[in-house]
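Okay, structure first, notes after.
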Amino acid sequence: MKPVVAIVGRANVGKSTLFNRLCGSRHAIVEDVSGVTRDRLYRDGDWLGREFTLIDTGGIEFNTKENPFADKVKEQAVLAIDEADLIIFLVDAKTGVTDTDQEVAGLLRRQSKPVILAVNKVDNFADLSPVYDFYQLGIGEPIPISATHGMNTGDLLDTMVALLPEGEGEEKEGDYLPLALVGRPNVGKSSLVNRLLREERVIVSDIPGTTRDAIDSVLQKNGREYLIIDTAGMRKKGKIAETTERYSVARGLKAVNRCDVAILVLDAASGLAEQDKKIAGFIDQAGKGLLILVNKWDLPEKDEKTMDRFDADLKQELGFASYALTLYVSAKSGKRLDKILPLADFISEQHSRRVATARLNEVIREAVLLNPPPLDGGRRLKLLYATQVGVKPPTIVIFVNEPKILHFSYERYIENKLRENFGFAGTPIRLLWRKREREE
């Protein structure tokens, strides 16, 4: 396992900026507003051949009356401290030592773990007198840095890797199945993640927009690893008021691009909304496997036909993604949650499925014999040869005499026949129609 480093401190001292600097990319949302980071955010990094995992945390506050999330943010930071092998305590040279810095220092002095005191926002490295004030925190020698400009961060990394414990072996990369939970705000994505992980991994609140970043968690189950990506709720464009929330929606869309299987979470009480259709459309266009979770299924009044009616509505409204699999769950009661990962595994297998060329052409020939293409201006489409050229999603090239006379209804017919014979459940299929000059 890679050693874990947690970056902690009060709000708005530059933790996310330092996190991005040490990771070498802009992973965390950075904005000059306190309280932007709330959950723990994980990313791997390396320095001089030493690999490690960084955790970005929310700003720790002790006076929680004005911030309804402060207690939970602090709880997340404490969990990160418990998990870490080494802690970077970040403070602000411009504001000097604050009461909150003193309280955080007291919390860290009670830990039996190495702590590096990093003083951020140092403008003049020729005059370090503002840095010396931080000796009073009793953490040790402060290291002056400027995370924004990268000044002295190399020295910080040198100190950090010197204090890291030796790793317990190399981790295998690429063996996990990436799953992204997406959907509108307040449909229960974070509650589902916590249920799956069996811990308070992400903050859960009834206030829409609680999750800002796309949060990665690794889950091991039945000998397999899953990368669970919890994303911010995606609102309609007209309802996105905060700049931070715009970033969050963008991160949600990027999370879809990172995953193999997207899990679209719906609210059973409100049903399928227009925004859900747009999210499903984005998943389909991205070529990802799709599992629809209808959450809060314990709330509506039901009879023996309720689930069938909901299924029929989904098929009608999401005709472009009729291949999606649907599961009715309750994060609150835990009902059917044990079926999520097996279904995700199944969709992943279908998403990566390859079909033998001979069998593929046999199925297409049978489909044409059963239902020949219609005439178009006196000409008939001829399907000459097919071969699968890719997976994730399954991509099939079909050579024809003239692609321009292909009707969309016949394309749908061929897709349905392929699904009848090969499955491809839960995954889109890409059919590429190409002109072949010589008919054989």
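Following the order of the structure tokens, chains are lettered A, B, ..., residues in each are numbered from 1, and ligands are numbered from 1.
Summary of the local environment: counting only C-alpha atoms, residues at most 7 Å from range 380-392 of chain A, other than itself and those fewer than 4 positions away along its chain, are A:Gly287, A:Lys288, A:His351, A:Ser352, A:Arg353, A:Arg354, A:Val355, A:Thr357, A:Leu360, A:Asn361, A:Pro373, A:Pro374, A:Leu375, A:Asp376, A:Ile396, A:Val397, A:Ile398, A:Phe399, A:Val400, A:Asn401, A:Glu402, A:Ile405, A:Leu406, A:Glu439, A:Glu440.
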Task: Surrounding residues of range 100-115 of chain A excluding itself and chain neighbours under 6 positions, 9 Å, only C-alpha atoms, as a VMD selection string - done: chain A and resid 8 to 10 60 to 63 81 to 82 84 to 89 91 136 to 140 163 to 164
Report the closest atom pair, with its distance in Å rounded to one decimal, for each residue of range 249-289 of chain A that has an atom no farther than 8 Å from range 314-321 of chain A; count only C-alpha atoms, sort by chain and then rising residue number, and write it as a Markdown table.
```
| residue | atom | partner | partner_atom | distance |
| --- | --- | --- | --- | --- |
| A:Leu272 | CA | A:Leu314 | CA | 7.4 |
| A:Lys277 | CA | A:Leu318 | CA | 6.8 |
| A:Ala280 | CA | A:Ala321 | CA | 7.4 |
| A:Gly281 | CA | A:Ala321 | CA | 7.7 |
| A:Asp284 | CA | A:Ala321 | CA | 6.7 |
```
Open item on the list: DSSP on the backbone: which residues in range 73-121 of chain A end up as strand (DSSP E)? Give the answer as a PyMOL selection string.
Closed with: chain A and resi 86-92+115-120
Write out, as a compact mmCIF listing (two decimals), in the first residue's frame, the residues just selected, with N, CA, C and O atoms.
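Once written, result_9.txt looks like this:
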```txt
# COMPACT_ATOMS: atom_id res chain seq x y z
N LEU A 86 1.27 10.46 7.58
CA LEU A 86 1.97 11.72 7.80
C LEU A 86 0.98 12.86 7.54
O LEU A 86 0.11 12.75 6.69
N ILE A 87 1.13 13.95 8.28
CA ILE A 87 0.18 15.07 8.19
C ILE A 87 0.93 16.35 7.82
O ILE A 87 1.97 16.66 8.41
N ILE A 88 0.42 17.08 6.83
CA ILE A 88 0.91 18.41 6.53
C ILE A 88 -0.09 19.40 7.12
O ILE A 88 -1.26 19.45 6.72
N PHE A 89 0.36 20.16 8.11
CA PHE A 89 -0.47 21.18 8.75
C PHE A 89 -0.18 22.50 8.06
O PHE A 89 0.91 23.05 8.16
N LEU A 90 -1.16 23.01 7.32
CA LEU A 90 -0.96 24.21 6.51
C LEU A 90 -1.54 25.43 7.21
O LEU A 90 -2.69 25.41 7.67
N VAL A 91 -0.75 26.49 7.26
CA VAL A 91 -1.18 27.75 7.87
C VAL A 91 -0.90 28.88 6.88
O VAL A 91 -0.27 28.68 5.84
N ASP A 92 -1.35 30.08 7.22
CA ASP A 92 -1.31 31.23 6.31
C ASP A 92 -0.39 32.32 6.86
O ASP A 92 -0.65 32.89 7.93
N VAL A 115 4.21 15.26 11.85
CA VAL A 115 3.47 16.41 11.33
C VAL A 115 4.48 17.40 10.76
O VAL A 115 5.47 17.74 11.41
N ILE A 116 4.22 17.86 9.54
CA ILE A 116 5.03 18.92 8.91
C ILE A 116 4.22 20.21 8.96
O ILE A 116 3.07 20.24 8.51
N LEU A 117 4.82 21.26 9.52
CA LEU A 117 4.16 22.56 9.56
C LEU A 117 4.60 23.37 8.33
O LEU A 117 5.77 23.73 8.20
N ALA A 118 3.66 23.61 7.41
CA ALA A 118 3.96 24.36 6.19
C ALA A 118 3.27 25.72 6.25
O ALA A 118 2.06 25.79 6.48
N VAL A 119 4.03 26.78 6.08
CA VAL A 119 3.49 28.14 6.13
C VAL A 119 3.32 28.64 4.70
O VAL A 119 4.30 28.88 3.99
N ASN A 120 2.08 28.75 4.27
CA ASN A 120 1.76 29.09 2.89
C ASN A 120 1.66 30.61 2.69
O ASN A 120 1.60 31.38 3.65
```
Tell me which protein, DNA and RNA residues are within 9 Å of Leu290 in chain A, counting only C-alpha atoms, leaving out same-chain ones fewer than 2 positions away, and put them as a CSV table (one decimal) with C-alpha atoms, in the first residue's frame.
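Wrote it out as around30.csv, contents follow:
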```
chain,number,residue,atom,x,y,z
A,260,ASP,CA,-16.7,2.1,-17.3
A,261,VAL,CA,-20.2,1.9,-15.8
A,262,ALA,CA,-22.2,5.0,-14.9
A,263,ILE,CA,-24.9,4.6,-12.2
A,264,LEU,CA,-27.7,7.1,-12.7
A,280,ALA,CA,-28.6,9.7,-19.4
A,283,ILE,CA,-23.7,8.8,-20.6
A,284,ASP,CA,-25.0,7.2,-23.8
A,288,LYS,CA,-20.5,4.0,-21.0
A,292,ILE,CA,-30.3,3.0,-13.3
A,321,ALA,CA,-30.9,4.0,-23.7
A,323,TYR,CA,-30.5,-1.1,-23.0
A,324,ALA,CA,-30.0,0.2,-19.5
A,325,LEU,CA,-30.6,-2.1,-16.6
A,326,THR,CA,-32.7,-0.9,-13.7
A,344,ALA,CA,-22.2,-3.5,-12.4
A,347,ILE,CA,-22.6,-4.6,-17.3
A,426,GLY,CA,-26.5,-2.4,-20.1
A,427,THR,CA,-24.2,-1.1,-22.7
A,428,PRO,CA,-24.6,1.0,-25.9
```
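The gap separating CA of Lys74 in chain A from CA of Leu156 in chain A is 24.6 Å, in Å to one decimal.
You will find CA of Cys259 in chain A at 17.2 Å from CA of Leu196 in chain A.
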